[in-house]
Structure formats: C-alpha cells, structure tokens
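A.B. asks: Sending over structure36.pdb (PDB, C-alpha atoms, pLDDT in the B column).
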```pdb
ATOM      1  CA  MET A   6    -106.384   9.463  34.835  1.00 77.00           C
ATOM      2  CA  ILE A   7    -103.494   7.484  36.291  1.00 85.00           C
ATOM      3  CA  ARG A   8    -105.935   4.861  37.531  1.00 86.00           C
ATOM      4  CA  SER A   9    -107.587   4.589  34.110  1.00 88.00           C
ATOM      5  CA  ILE A  10    -104.294   4.191  32.260  1.00 87.00           C
ATOM      6  CA  ALA A  11    -103.065   1.681  34.833  1.00 88.00           C
ATOM      7  CA  GLY A  12    -106.296  -0.305  34.533  1.00 89.00           C
ATOM      8  CA  VAL A  13    -106.061  -0.522  30.752  1.00 83.00           C
ATOM      9  CA  THR A  14    -102.381  -1.456  30.969  1.00 84.00           C
ATOM     10  CA  LEU A  15    -103.042  -4.136  33.571  1.00 85.00           C
ATOM     11  CA  ARG A  16    -105.776  -5.730  31.475  1.00 84.00           C
ATOM     12  CA  GLY A  17    -103.496  -5.661  28.458  1.00 82.00           C
ATOM     13  CA  VAL A  18    -100.619  -7.325  30.296  1.00 83.00           C
ATOM     14  CA  LEU A  19    -102.804  -9.965  31.935  1.00 82.00           C
ATOM     15  CA  GLY A  20    -104.448 -10.733  28.607  1.00 74.00           C
ATOM     16  CA  ARG A  21    -101.170 -11.814  27.039  1.00 73.00           C
ATOM     17  CA  ARG A  22     -99.857 -15.367  27.034  1.00 78.00           C
ATOM     18  CA  ARG A  23     -96.558 -14.137  28.400  1.00 78.00           C
ATOM     19  CA  SER A  24     -98.244 -13.446  31.759  1.00 82.00           C
ATOM     20  CA  LEU A  25     -98.957 -17.137  32.276  1.00 86.00           C
ATOM     21  CA  LEU A  26     -95.412 -18.009  31.260  1.00 90.00           C
ATOM     22  CA  ILE A  27     -94.043 -15.452  33.727  1.00 91.00           C
ATOM     23  CA  VAL A  28     -96.071 -16.972  36.560  1.00 90.00           C
ATOM     24  CA  LEU A  29     -94.927 -20.474  35.664  1.00 91.00           C
ATOM     25  CA  PHE A  30     -91.326 -19.293  35.456  1.00 92.00           C
ATOM     26  CA  ALA A  31     -91.592 -17.537  38.815  1.00 92.00           C
ATOM     27  CA  THR A  32     -92.772 -20.729  40.554  1.00 93.00           C
ATOM     28  CA  ILE A  33     -89.510 -22.545  39.821  1.00 94.00           C
ATOM     29  CA  PRO A  34     -87.961 -21.559  43.196  1.00 94.00           C
ATOM     30  CA  VAL A  35     -91.004 -22.974  44.999  1.00 95.00           C
ATOM     31  CA  VAL A  36     -90.568 -26.329  43.281  1.00 94.00           C
ATOM     32  CA  ILE A  37     -86.866 -26.388  44.082  1.00 94.00           C
ATOM     33  CA  ALA A  38     -87.584 -25.436  47.699  1.00 92.00           C
ATOM     34  CA  VAL A  39     -89.944 -28.400  48.047  1.00 93.00           C
ATOM     35  CA  ILE A  40     -87.246 -30.710  46.697  1.00 92.00           C
ATOM     36  CA  VAL A  41     -84.677 -29.264  49.101  1.00 89.00           C
ATOM     37  CA  ARG A  42     -87.031 -29.611  52.052  1.00 87.00           C
ATOM     38  CA  LEU A  43     -87.860 -33.215  51.207  1.00 87.00           C
ATOM     39  CA  SER A  44     -84.187 -34.063  50.778  1.00 84.00           C
ATOM     40  CA  GLY A  45     -83.550 -33.753  54.508  1.00 72.00           C
ATOM     41  CA  GLY A  46     -82.449 -31.420  57.264  1.00 62.00           C
ATOM     42  CA  THR A  47     -79.471 -29.107  57.572  1.00 67.00           C
ATOM     43  CA  SER A  48     -77.454 -27.742  60.456  1.00 68.00           C
ATOM     44  CA  ASP A  49     -77.444 -24.241  58.938  1.00 80.00           C
ATOM     45  CA  ALA A  50     -80.997 -23.389  57.945  1.00 83.00           C
ATOM     46  CA  VAL A  51     -80.263 -19.657  57.860  1.00 88.00           C
ATOM     47  CA  GLY A  52     -77.344 -20.062  55.476  1.00 88.00           C
ATOM     48  CA  LEU A  53     -79.226 -22.492  53.259  1.00 89.00           C
ATOM     49  CA  THR A  54     -82.270 -20.219  53.065  1.00 90.00           C
ATOM     50  CA  ALA A  55     -80.152 -17.158  52.278  1.00 91.00           C
ATOM     51  CA  ASP A  56     -78.197 -18.974  49.571  1.00 91.00           C
ATOM     52  CA  LEU A  57     -81.338 -20.344  47.923  1.00 92.00           C
ATOM     53  CA  LEU A  58     -83.190 -17.038  47.915  1.00 95.00           C
ATOM     54  CA  ASP A  59     -80.113 -15.235  46.644  1.00 94.00           C
ATOM     55  CA  ALA A  60     -79.415 -17.679  43.819  1.00 93.00           C
ATOM     56  CA  LEU A  61     -82.964 -18.488  42.755  1.00 94.00           C
ATOM     57  CA  VAL A  62     -84.822 -15.247  43.342  1.00 95.00           C
ATOM     58  CA  VAL A  63     -82.498 -12.243  43.609  1.00 95.00           C
ATOM     59  CA  ARG A  64     -80.086 -13.317  40.886  1.00 93.00           C
ATOM     60  CA  THR A  65     -82.538 -14.971  38.502  1.00 93.00           C
ATOM     61  CA  ILE A  66     -86.300 -14.620  38.910  1.00 96.00           C
ATOM     62  CA  LEU A  67     -86.426 -11.011  40.116  1.00 97.00           C
ATOM     63  CA  PRO A  68     -84.450  -9.280  37.331  1.00 96.00           C
ATOM     64  CA  LEU A  69     -85.900 -11.388  34.514  1.00 96.00           C
ATOM     65  CA  VAL A  70     -89.528 -10.919  35.570  1.00 96.00           C
ATOM     66  CA  ALA A  71     -88.909  -7.179  36.003  1.00 96.00           C
ATOM     67  CA  LEU A  72     -87.252  -7.001  32.581  1.00 96.00           C
ATOM     68  CA  ILE A  73     -90.154  -8.670  30.806  1.00 94.00           C
ATOM     69  CA  LEU A  74     -92.861  -6.647  32.546  1.00 94.00           C
ATOM     70  CA  GLY A  75     -90.929  -3.376  32.694  1.00 93.00           C
ATOM     71  CA  THR A  76     -90.265  -3.338  28.960  1.00 92.00           C
ATOM     72  CA  ALA A  77     -93.748  -4.589  28.057  1.00 90.00           C
ATOM     73  CA  VAL A  78     -96.041  -2.052  29.747  1.00 90.00           C
ATOM     74  CA  LEU A  79     -94.994   0.787  27.444  1.00 89.00           C
ATOM     75  CA  GLY A  80     -92.122  -0.382  25.285  1.00 82.00           C
ATOM     76  CA  SER A  81     -94.303  -2.850  23.400  1.00 78.00           C
ATOM     77  CA  GLU A  82     -96.853  -0.107  22.696  1.00 80.00           C
ATOM     78  CA  LEU A  83     -94.158   2.236  21.424  1.00 82.00           C
ATOM     79  CA  GLU A  84     -92.770  -0.497  19.215  1.00 77.00           C
ATOM     80  CA  ASP A  85     -96.070  -1.490  17.567  1.00 73.00           C
ATOM     81  CA  GLY A  86     -97.343   2.092  17.359  1.00 74.00           C
ATOM     82  CA  THR A  87    -100.405   1.736  19.592  1.00 75.00           C
ATOM     83  CA  ALA A  88     -98.897   4.168  22.120  1.00 79.00           C
ATOM     84  CA  VAL A  89     -99.704   6.990  19.706  1.00 77.00           C
ATOM     85  CA  PHE A  90    -103.377   6.816  20.718  1.00 78.00           C
ATOM     86  CA  LEU A  91    -102.311   7.631  24.271  1.00 81.00           C
ATOM     87  CA  LEU A  92     -99.603  10.149  23.465  1.00 81.00           C
ATOM     88  CA  VAL A  93    -101.817  12.353  21.260  1.00 81.00           C
ATOM     89  CA  LYS A  94    -104.060  13.039  24.245  1.00 84.00           C
ATOM     90  CA  PRO A  95    -103.306  16.064  26.466  1.00 83.00           C
ATOM     91  CA  ILE A  96    -101.993  13.989  29.352  1.00 87.00           C
ATOM     92  CA  GLU A  97     -98.907  14.950  31.333  1.00 90.00           C
ATOM     93  CA  ARG A  98     -96.133  12.515  30.547  1.00 90.00           C
ATOM     94  CA  TRP A  99     -95.351  11.944  34.207  1.00 92.00           C
ATOM     95  CA  ARG A 100     -98.877  10.613  34.676  1.00 93.00           C
ATOM     96  CA  ILE A 101     -98.396   8.086  31.867  1.00 93.00           C
ATOM     97  CA  VAL A 102     -95.046   6.965  33.263  1.00 94.00           C
ATOM     98  CA  THR A 103     -96.507   6.710  36.762  1.00 95.00           C
ATOM     99  CA  ALA A 104     -99.423   4.577  35.586  1.00 94.00           C
ATOM    100  CA  LYS A 105     -97.174   2.248  33.600  1.00 95.00           C
ATOM    101  CA  LEU A 106     -94.716   1.990  36.469  1.00 96.00           C
ATOM    102  CA  VAL A 107     -97.463   1.184  38.964  1.00 96.00           C
ATOM    103  CA  VAL A 108     -98.468  -1.803  36.846  1.00 95.00           C
ATOM    104  CA  ALA A 109     -94.950  -3.057  36.107  1.00 95.00           C
ATOM    105  CA  ALA A 110     -93.621  -2.515  39.634  1.00 96.00           C
ATOM    106  CA  GLY A 111     -96.777  -3.760  41.309  1.00 96.00           C
ATOM    107  CA  MET A 112     -96.878  -6.991  39.330  1.00 95.00           C
ATOM    108  CA  THR A 113     -93.143  -7.610  39.661  1.00 96.00           C
ATOM    109  CA  ALA A 114     -92.879  -6.802  43.355  1.00 96.00           C
ATOM    110  CA  GLY A 115     -96.093  -8.614  44.233  1.00 96.00           C
ATOM    111  CA  LEU A 116     -95.307 -11.793  42.312  1.00 96.00           C
ATOM    112  CA  VAL A 117     -91.652 -12.083  43.279  1.00 97.00           C
ATOM    113  CA  ALA A 118     -92.254 -11.163  46.925  1.00 97.00           C
ATOM    114  CA  LEU A 119     -94.932 -13.853  47.165  1.00 97.00           C
ATOM    115  CA  VAL A 120     -92.631 -16.412  45.561  1.00 96.00           C
ATOM    116  CA  THR A 121     -89.840 -15.389  47.938  1.00 97.00           C
ATOM    117  CA  LEU A 122     -92.061 -15.746  50.989  1.00 96.00           C
ATOM    118  CA  VAL A 123     -93.426 -19.149  49.976  1.00 96.00           C
ATOM    119  CA  THR A 124     -90.024 -20.461  48.899  1.00 95.00           C
ATOM    120  CA  GLY A 125     -88.338 -19.257  52.060  1.00 93.00           C
ATOM    121  CA  LEU A 126     -90.987 -20.610  54.412  1.00 93.00           C
ATOM    122  CA  ILE A 127     -90.901 -24.027  52.767  1.00 92.00           C
ATOM    123  CA  VAL A 128     -87.181 -24.243  53.487  1.00 89.00           C
ATOM    124  CA  ALA A 129     -87.034 -22.322  56.767  1.00 84.00           C
ATOM    125  CA  ALA A 130     -90.302 -23.071  58.578  1.00 79.00           C
ATOM    126  CA  GLY A 131     -89.610 -24.643  61.949  1.00 78.00           C
ATOM    127  CA  ARG A 132     -85.862 -24.194  61.594  1.00 79.00           C
ATOM    128  CA  GLY A 133     -85.462 -20.723  63.066  1.00 78.00           C
ATOM    129  CA  ALA A 134     -84.704 -18.988  59.770  1.00 82.00           C
ATOM    130  CA  GLU A 135     -88.019 -17.157  59.382  1.00 87.00           C
ATOM    131  CA  PRO A 136     -86.543 -13.646  60.010  1.00 90.00           C
ATOM    132  CA  ILE A 137     -84.253 -13.902  57.012  1.00 93.00           C
ATOM    133  CA  VAL A 138     -87.212 -14.940  54.862  1.00 93.00           C
ATOM    134  CA  VAL A 139     -89.084 -11.791  55.858  1.00 95.00           C
ATOM    135  CA  ALA A 140     -85.974  -9.696  55.182  1.00 95.00           C
ATOM    136  CA  PHE A 141     -85.603 -11.119  51.684  1.00 96.00           C
ATOM    137  CA  THR A 142     -89.319 -10.700  50.986  1.00 97.00           C
ATOM    138  CA  VAL A 143     -89.225  -6.978  51.761  1.00 97.00           C
ATOM    139  CA  ALA A 144     -85.918  -6.501  49.927  1.00 96.00           C
ATOM    140  CA  VAL A 145     -87.036  -8.176  46.695  1.00 97.00           C
ATOM    141  CA  ALA A 146     -90.205  -6.063  46.688  1.00 97.00           C
ATOM    142  CA  ILE A 147     -88.002  -2.955  46.776  1.00 97.00           C
ATOM    143  CA  GLY A 148     -85.705  -4.467  44.167  1.00 97.00           C
ATOM    144  CA  GLY A 149     -88.706  -5.198  41.954  1.00 97.00           C
ATOM    145  CA  VAL A 150     -89.721  -1.538  42.002  1.00 97.00           C
ATOM    146  CA  LEU A 151     -86.171  -0.430  41.141  1.00 97.00           C
ATOM    147  CA  TYR A 152     -85.713  -2.896  38.301  1.00 97.00           C
ATOM    148  CA  SER A 153     -89.132  -2.001  36.886  1.00 97.00           C
ATOM    149  CA  ALA A 154     -88.341   1.721  36.907  1.00 97.00           C
ATOM    150  CA  LEU A 155     -84.993   1.134  35.225  1.00 97.00           C
ATOM    151  CA  PHE A 156     -86.326  -1.176  32.507  1.00 97.00           C
ATOM    152  CA  LEU A 157     -89.363   1.021  31.863  1.00 96.00           C
ATOM    153  CA  ALA A 158     -87.049   3.976  31.248  1.00 96.00           C
ATOM    154  CA  LEU A 159     -84.826   1.815  29.082  1.00 95.00           C
ATOM    155  CA  SER A 160     -87.795   0.738  26.939  1.00 93.00           C
ATOM    156  CA  ILE A 161     -88.564   4.398  26.193  1.00 92.00           C
ATOM    157  CA  VAL A 162     -84.962   5.290  25.439  1.00 92.00           C
ATOM    158  CA  THR A 163     -84.319   2.434  22.998  1.00 89.00           C
ATOM    159  CA  GLY A 164     -86.130  -0.253  21.047  1.00 85.00           C
ATOM    160  CA  ARG A 165     -83.496  -2.766  22.147  1.00 90.00           C
ATOM    161  CA  ALA A 166     -84.384  -2.627  25.813  1.00 92.00           C
ATOM    162  CA  LEU A 167     -84.634  -6.406  26.200  1.00 92.00           C
ATOM    163  CA  ILE A 168     -81.139  -6.961  24.822  1.00 94.00           C
ATOM    164  CA  LEU A 169     -79.591  -4.162  26.858  1.00 95.00           C
ATOM    165  CA  GLY A 170     -81.503  -5.272  29.932  1.00 94.00           C
ATOM    166  CA  LEU A 171     -80.181  -8.795  29.589  1.00 94.00           C
ATOM    167  CA  ALA A 172     -76.666  -7.421  29.143  1.00 94.00           C
ATOM    168  CA  TYR A 173     -77.052  -5.438  32.364  1.00 94.00           C
ATOM    169  CA  ILE A 174     -78.326  -8.477  34.268  1.00 93.00           C
ATOM    170  CA  LEU A 175     -75.904 -11.054  32.914  1.00 91.00           C
ATOM    171  CA  ILE A 176     -72.746  -9.033  32.285  1.00 90.00           C
ATOM    172  CA  TRP A 177     -72.778  -6.038  34.605  1.00 89.00           C
ATOM    173  CA  GLU A 178     -74.539  -7.589  37.597  1.00 88.00           C
ATOM    174  CA  GLY A 179     -73.495 -11.169  36.882  1.00 83.00           C
ATOM    175  CA  ALA A 180     -69.890 -11.177  35.720  1.00 79.00           C
ATOM    176  CA  LEU A 181     -68.441  -7.755  36.521  1.00 80.00           C
ATOM    177  CA  ALA A 182     -70.011  -7.345  39.958  1.00 70.00           C
ATOM    178  CA  GLY A 183     -68.225 -10.513  41.049  1.00 64.00           C
ATOM    179  CA  LEU A 184     -64.875  -9.375  39.658  1.00 69.00           C
ATOM    180  CA  LEU A 185     -64.865  -5.618  40.214  1.00 70.00           C
ATOM    181  CA  GLU A 186     -66.111  -4.494  43.608  1.00 69.00           C
ATOM    182  CA  GLY A 187     -66.634  -0.922  42.410  1.00 72.00           C
ATOM    183  CA  THR A 188     -69.414  -1.989  40.037  1.00 76.00           C
ATOM    184  CA  GLN A 189     -71.610  -2.924  43.002  1.00 78.00           C
ATOM    185  CA  VAL A 190     -72.600   0.706  43.539  1.00 84.00           C
ATOM    186  CA  LEU A 191     -74.499   0.534  40.233  1.00 88.00           C
ATOM    187  CA  SER A 192     -76.083  -2.863  40.803  1.00 92.00           C
ATOM    188  CA  ILE A 193     -79.721  -3.207  41.849  1.00 95.00           C
ATOM    189  CA  ARG A 194     -78.972  -6.816  42.774  1.00 94.00           C
ATOM    190  CA  GLN A 195     -76.432  -5.590  45.330  1.00 93.00           C
ATOM    191  CA  TYR A 196     -78.881  -3.000  46.679  1.00 95.00           C
ATOM    192  CA  THR A 197     -81.428  -5.762  47.184  1.00 95.00           C
ATOM    193  CA  LEU A 198     -78.983  -8.006  49.012  1.00 94.00           C
ATOM    194  CA  ALA A 199     -77.678  -5.133  51.142  1.00 94.00           C
ATOM    195  CA  ILE A 200     -81.210  -4.157  52.178  1.00 95.00           C
ATOM    196  CA  ALA A 201     -81.995  -7.787  53.015  1.00 94.00           C
ATOM    197  CA  GLN A 202     -78.834  -7.995  55.091  1.00 93.00           C
ATOM    198  CA  GLN A 203     -79.770  -4.830  56.965  1.00 93.00           C
ATOM    199  CA  LEU A 204     -83.297  -6.071  57.676  1.00 93.00           C
ATOM    200  CA  ALA A 205     -82.130  -9.534  58.733  1.00 89.00           C
ATOM    201  CA  GLY A 206     -80.251  -8.208  61.756  1.00 85.00           C
ATOM    202  CA  GLY A 207     -78.049 -10.866  63.316  1.00 80.00           C
ATOM    203  CA  ASP A 208     -78.831 -13.344  60.544  1.00 80.00           C
ATOM    204  CA  GLY A 209     -77.586 -10.874  57.930  1.00 81.00           C
ATOM    205  CA  GLY A 210     -74.115 -12.365  58.071  1.00 83.00           C
ATOM    206  CA  ALA A 211     -75.397 -15.253  55.975  1.00 85.00           C
ATOM    207  CA  ILE A 212     -75.957 -12.882  53.030  1.00 89.00           C
ATOM    208  CA  ALA A 213     -72.859 -12.364  50.892  1.00 83.00           C
ATOM    209  CA  VAL A 214     -72.713  -8.633  50.166  1.00 85.00           C
ATOM    210  CA  THR A 215     -70.209  -5.875  50.984  1.00 82.00           C
ATOM    211  CA  LEU A 216     -72.389  -2.838  50.255  1.00 85.00           C
ATOM    212  CA  ALA A 217     -73.717  -1.165  53.411  1.00 88.00           C
ATOM    213  CA  GLY A 218     -77.476  -1.116  53.881  1.00 85.00           C
ATOM    214  CA  ALA A 219     -77.680   2.682  54.368  1.00 90.00           C
ATOM    215  CA  VAL A 220     -75.634   3.302  51.235  1.00 92.00           C
ATOM    216  CA  ALA A 221     -77.813   0.863  49.296  1.00 92.00           C
ATOM    217  CA  LEU A 222     -80.980   2.709  50.319  1.00 94.00           C
ATOM    218  CA  VAL A 223     -79.583   6.063  49.192  1.00 95.00           C
ATOM    219  CA  LEU A 224     -78.441   4.632  45.875  1.00 95.00           C
ATOM    220  CA  ALA A 225     -81.788   2.878  45.409  1.00 95.00           C
ATOM    221  CA  VAL A 226     -83.663   6.158  45.795  1.00 96.00           C
ATOM    222  CA  ALA A 227     -81.272   7.834  43.362  1.00 96.00           C
ATOM    223  CA  VAL A 228     -81.764   5.114  40.740  1.00 96.00           C
ATOM    224  CA  PHE A 229     -85.542   5.281  41.065  1.00 97.00           C
ATOM    225  CA  VAL A 230     -85.713   9.061  40.762  1.00 97.00           C
ATOM    226  CA  LEU A 231     -83.251   9.142  37.858  1.00 97.00           C
ATOM    227  CA  SER A 232     -85.135   6.398  36.003  1.00 97.00           C
ATOM    228  CA  PHE A 233     -88.450   8.199  36.469  1.00 97.00           C
ATOM    229  CA  VAL A 234     -87.046  11.536  35.289  1.00 96.00           C
ATOM    230  CA  VAL A 235     -85.380   9.989  32.243  1.00 95.00           C
ATOM    231  CA  ALA A 236     -88.543   8.078  31.325  1.00 95.00           C
ATOM    232  CA  THR A 237     -90.709  11.191  31.612  1.00 94.00           C
ATOM    233  CA  ARG A 238     -88.396  13.405  29.579  1.00 93.00           C
ATOM    234  CA  ARG A 239     -87.791  10.845  26.878  1.00 91.00           C
ATOM    235  CA  LEU A 240     -91.504  10.234  26.528  1.00 90.00           C
ATOM    236  CA  ALA A 241     -92.020  13.966  26.002  1.00 86.00           C
ATOM    237  CA  VAL A 242     -89.407  13.917  23.230  1.00 80.00           C
ATOM    238  CA  TYR A 243     -91.098  10.898  21.684  1.00 74.00           C
ATOM    239  CA  GLU A 244     -94.337  12.886  21.453  1.00 54.00           C
ATOM    240  CA  VAL A 245     -92.599  15.631  19.457  1.00 46.00           C
ATOM    241  CA  ARG A 246     -91.139  13.105  17.033  1.00 48.00           C
ATOM    242  CA  GLY A 247     -94.432  11.279  16.703  1.00 43.00           C
ATOM    243  CA  THR A 248     -96.282  14.426  15.677  1.00 43.00           C
ATOM    244  CA  ASP A 249     -93.774  15.656  13.103  1.00 41.00           C
TER
END
```
Let me see the file written as structure tokens.
C.D. replies:
Amino acid sequence: MIRSIAGVTLRGVLGRRRSLLIVLFATIPVVIAVIVRLSGGTSDAVGLTADLLDALVVRTILPLVALILGTAVLGSELEDGTAVFLLVKPIERWRIVTAKLVVAAGMTAGLVALVTLVTGLIVAAGRGAEPIVVAFTVAVAIGGVLYSALFLALSIVTGRALILGLAYILIWEGALAGLLEGTQVLSIRQYTLAIAQQLAGGDGGAIAVTLAGAVALVLAVAVFVLSFVVATRRLAVYEVRGTD
C-alpha cells in the first residue's frame, strides 16, 4: 500500500510544472561553480568549497526545495480536497504519511545531494578538497530528509505551511541563528552543517558551526520522530473532521 500511494504521489509531483522549475532552480549552484572554477585558482580550495556549498546549497537550495516538495505531496491535496479520496479508505495514517514522506524526502535528498556533489567536484576536483564535498553531500541528504519531514507535518497542521516554512527558513534559521546561539539547537541548517563538519574530519574546521556533530545527530533524530508523530496524529484528526 505504501508503494502504491508513493507511486501515485510521485507521478503527481513529476507531472506538475513546478517540478521542472525546482530542477532549474536547483542547478543554480552548478552554474555558479563553473563560473568560480573558470575564474582561476585559489590557495584555499577547502575553505572555498565549504563556503560555496554552505551559502548556495545548505542555506538556500536545500530548505527551499524541501519546503516546496514537503508541502506539496500532501498539503496541496488537503487544500484542494482531493485528499478525501485517500482518507476515506481504511488505510492506517502512518502508512499515508510514510508514503508521502518517502516521495518528498527522496526527491529532495536525491536532487540536492546530486547538485551538491556536482557543484563541489567542479570547484574542488584536483585541489585536494574532495573529502569535504563528500561530507557535504551526505549531510545535505540527511538535512533533506529532516526538512521534508518537518514541512510535511507543517502542511497537515496548517494551510499556511509555505508562509510559516519561509518564516522558519528566513527568520529563525537565517536571522536569529546568527544572532542568538541558543536557537541553533532548533535549526536543521545547523544540524546539517554540524554533520558535515563531523564527516569532513580534519577539513571540518573550514565549516562555520558551533554545534557538535553528536549533538546534531541526536537532535536530528528527535526532529524526525516528532515530525512523523505530529503528522500522523494530525492526519487522523483531519479524517474525523472530514467525515463530520
């Protein structure tokens, strides 16, 4: 059943024009990486690669792609009413959430990880910075799953998920995380950077983050589980309201 729901969801997402726009948007770091590579060499390839992947992917492409896909796989169906055809069937709500999350997280993690790998290799290939590229690639895949789970849950909780998601990305993770160090414990962006730093080993010093990698992993698991539980329970409540 999960596979069937995921298949239908995947075809629905891929059949929308927004999918092409997402892919085009996600390729921006690759274009910029080509420009940077053609502009000449650098004495600090590790630092340059880390800064580019942080600014272009972790802070921009990753959360926005996850927001669009995470809120679309189920939130759009709830908003236009087509989700009723799925909710009236005797299907456990956790199965529906799992299927939707597989699509959103799979597409986000797969696309952004590929973009990260290509972007990083364009800048770092032959310059000794390949390990940090691999570290970022793995970290953004994990970050993609976390963002997708969070935004999927948010799309079930409220019809204004896009607005609230943007507020989280731009205000909480963007402005406040840079001003108030305590907010980093509730920032998926910081988890992603901390995991990348941990995986990068000796090159991790080039990644600007204060959150410890072990702490980030624990918090990441907590956010994923909490998002999944909230999404499942809220979807069950939605069924009761929809059948009144």
A.B. asks: Hey, which of A:Gly133, A:Gly80, A:Gly86, A:Gly45 ends up closest to A:Leu159? Count all atoms listed in the file.
C.D. replies: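 Comparing A:Gly133, A:Gly80, A:Gly86, A:Gly45 against A:Leu159, the winner is A:Gly80.
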A.B. asks: Would you kindly return, as a PyMOL selection string, each protein, DNA or RNA residue with an atom no farther than 8 Å from any atom of A:Arg194, considering all atoms listed in the file and excluding same-chain residues fewer than 5 positions away?
C.D. replies: chain A and resi 63-64+148+178
A.B. asks: Could you state the separation of atom CA of A:Val18 and atom CA of A:Gly111 in Å, given to one decimal place?
C.D. replies: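 Atom CA of A:Val18 sits 12.2 Å away from atom CA of A:Gly111.
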A.B. asks: Could you tell me which residues the PyMOL selection byres ((chain A and resi 65-68) around 10) returns for this structure, as an MDAnalysis selection string?
C.D. replies: chainID A and resid 27 30:34 58:64 69:73 75 113:114 116:118 120:121 145:146 148:149 151:153 156 170:171 173:175 179 193:194
A.B. asks: Give me, please, the distance in Å between atom CA of A:Ser192 and atom CA of A:Val51, quoted to one decimal.
C.D. replies: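 Taking atom CA of A:Ser192 as the start and atom CA of A:Val51 as the end point, the length is 24.3 Å.
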A.B. asks: Give the answer as one residue: which of A:Val150, A:Leu167, A:Ala144, A:Val36 has the shortest atom-to-atom distance to A:Ala110, using all atoms listed in the file?
C.D. replies: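 Among the listed residues, A:Val150 lies closest to A:Ala110.
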A.B. asks: Choose the residue, out of A:Val190, A:Leu15, A:Leu57, A:Leu240, that has the smallest atom-to-atom separation from A:Val223; count all atoms listed in the file.
C.D. replies: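 Distance minimum relative to A:Val223 lands on A:Val190.
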A.B. asks: Could you work out how far atom CA of A:Glu97 lies from atom CA of A:Leu157, giving the answer in Å with one decimal?
C.D. replies: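 For atom CA of A:Leu157 relative to atom CA of A:Glu97, the distance reads 16.9 Å.
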A.B. asks: Could you please fill out stretch 175-193 of chain A with N, CA and C atoms and send it back as a PDB file, keeping the file's coordinate frame?
C.D. replies:
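Result file selection-v3.pdb:
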```pdb
ATOM      1  N   LEU A 175     -76.861  -9.955  33.049  1.00 91.00           N
ATOM      2  CA  LEU A 175     -75.904 -11.054  32.914  1.00 91.00           C
ATOM      3  C   LEU A 175     -74.451 -10.611  32.981  1.00 91.00           C
ATOM      4  N   ILE A 176     -74.143  -9.463  32.359  1.00 90.00           N
ATOM      5  CA  ILE A 176     -72.746  -9.033  32.285  1.00 90.00           C
ATOM      6  C   ILE A 176     -72.378  -8.106  33.438  1.00 90.00           C
ATOM      7  N   TRP A 177     -73.122  -7.005  33.562  1.00 89.00           N
ATOM      8  CA  TRP A 177     -72.778  -6.038  34.605  1.00 89.00           C
ATOM      9  C   TRP A 177     -73.008  -6.606  36.007  1.00 89.00           C
ATOM     10  N   GLU A 178     -74.225  -7.077  36.260  1.00 88.00           N
ATOM     11  CA  GLU A 178     -74.539  -7.589  37.597  1.00 88.00           C
ATOM     12  C   GLU A 178     -74.013  -9.003  37.809  1.00 88.00           C
ATOM     13  N   GLY A 179     -73.919  -9.779  36.747  1.00 83.00           N
ATOM     14  CA  GLY A 179     -73.495 -11.169  36.882  1.00 83.00           C
ATOM     15  C   GLY A 179     -71.999 -11.336  36.922  1.00 83.00           C
ATOM     16  N   ALA A 180     -71.327 -10.941  35.832  1.00 79.00           N
ATOM     17  CA  ALA A 180     -69.890 -11.177  35.720  1.00 79.00           C
ATOM     18  C   ALA A 180     -69.060 -10.093  36.397  1.00 79.00           C
ATOM     19  N   LEU A 181     -69.298  -8.827  36.034  1.00 80.00           N
ATOM     20  CA  LEU A 181     -68.441  -7.755  36.521  1.00 80.00           C
ATOM     21  C   LEU A 181     -68.583  -7.494  38.011  1.00 80.00           C
ATOM     22  N   ALA A 182     -69.801  -7.607  38.541  1.00 70.00           N
ATOM     23  CA  ALA A 182     -70.011  -7.345  39.958  1.00 70.00           C
ATOM     24  C   ALA A 182     -69.230  -8.324  40.824  1.00 70.00           C
ATOM     25  N   GLY A 183     -68.983  -9.529  40.297  1.00 64.00           N
ATOM     26  CA  GLY A 183     -68.225 -10.513  41.049  1.00 64.00           C
ATOM     27  C   GLY A 183     -66.723 -10.313  40.932  1.00 64.00           C
ATOM     28  N   LEU A 184     -66.296  -9.585  39.891  1.00 69.00           N
ATOM     29  CA  LEU A 184     -64.875  -9.375  39.658  1.00 69.00           C
ATOM     30  C   LEU A 184     -64.401  -8.003  40.117  1.00 69.00           C
ATOM     31  N   LEU A 185     -65.232  -6.991  39.879  1.00 70.00           N
ATOM     32  CA  LEU A 185     -64.865  -5.618  40.214  1.00 70.00           C
ATOM     33  C   LEU A 185     -65.804  -5.089  41.300  1.00 70.00           C
ATOM     34  N   GLU A 186     -65.276  -4.895  42.478  1.00 69.00           N
ATOM     35  CA  GLU A 186     -66.111  -4.494  43.608  1.00 69.00           C
ATOM     36  C   GLU A 186     -66.761  -3.133  43.381  1.00 69.00           C
ATOM     37  N   GLY A 187     -66.107  -2.252  42.645  1.00 72.00           N
ATOM     38  CA  GLY A 187     -66.634  -0.922  42.410  1.00 72.00           C
ATOM     39  C   GLY A 187     -67.929  -0.906  41.630  1.00 72.00           C
ATOM     40  N   THR A 188     -68.189  -1.947  40.841  1.00 76.00           N
ATOM     41  CA  THR A 188     -69.414  -1.989  40.037  1.00 76.00           C
ATOM     42  C   THR A 188     -70.657  -2.226  40.899  1.00 76.00           C
ATOM     43  N   GLN A 189     -70.467  -2.622  42.138  1.00 78.00           N
ATOM     44  CA  GLN A 189     -71.610  -2.924  43.002  1.00 78.00           C
ATOM     45  C   GLN A 189     -72.449  -1.692  43.333  1.00 78.00           C
ATOM     46  N   VAL A 190     -71.850  -0.516  43.229  1.00 84.00           N
ATOM     47  CA  VAL A 190     -72.600   0.706  43.539  1.00 84.00           C
ATOM     48  C   VAL A 190     -73.625   1.016  42.452  1.00 84.00           C
ATOM     49  N   LEU A 191     -73.531   0.353  41.315  1.00 88.00           N
ATOM     50  CA  LEU A 191     -74.499   0.534  40.233  1.00 88.00           C
ATOM     51  C   LEU A 191     -75.223  -0.776  39.935  1.00 88.00           C
ATOM     52  N   SER A 192     -75.443  -1.560  40.962  1.00 92.00           N
ATOM     53  CA  SER A 192     -76.083  -2.863  40.803  1.00 92.00           C
ATOM     54  C   SER A 192     -77.315  -2.959  41.692  1.00 92.00           C
ATOM     55  N   ILE A 193     -78.482  -3.064  41.083  1.00 95.00           N
ATOM     56  CA  ILE A 193     -79.721  -3.207  41.849  1.00 95.00           C
ATOM     57  C   ILE A 193     -79.717  -4.525  42.620  1.00 95.00           C
TER      58      ILE A 193
END
```
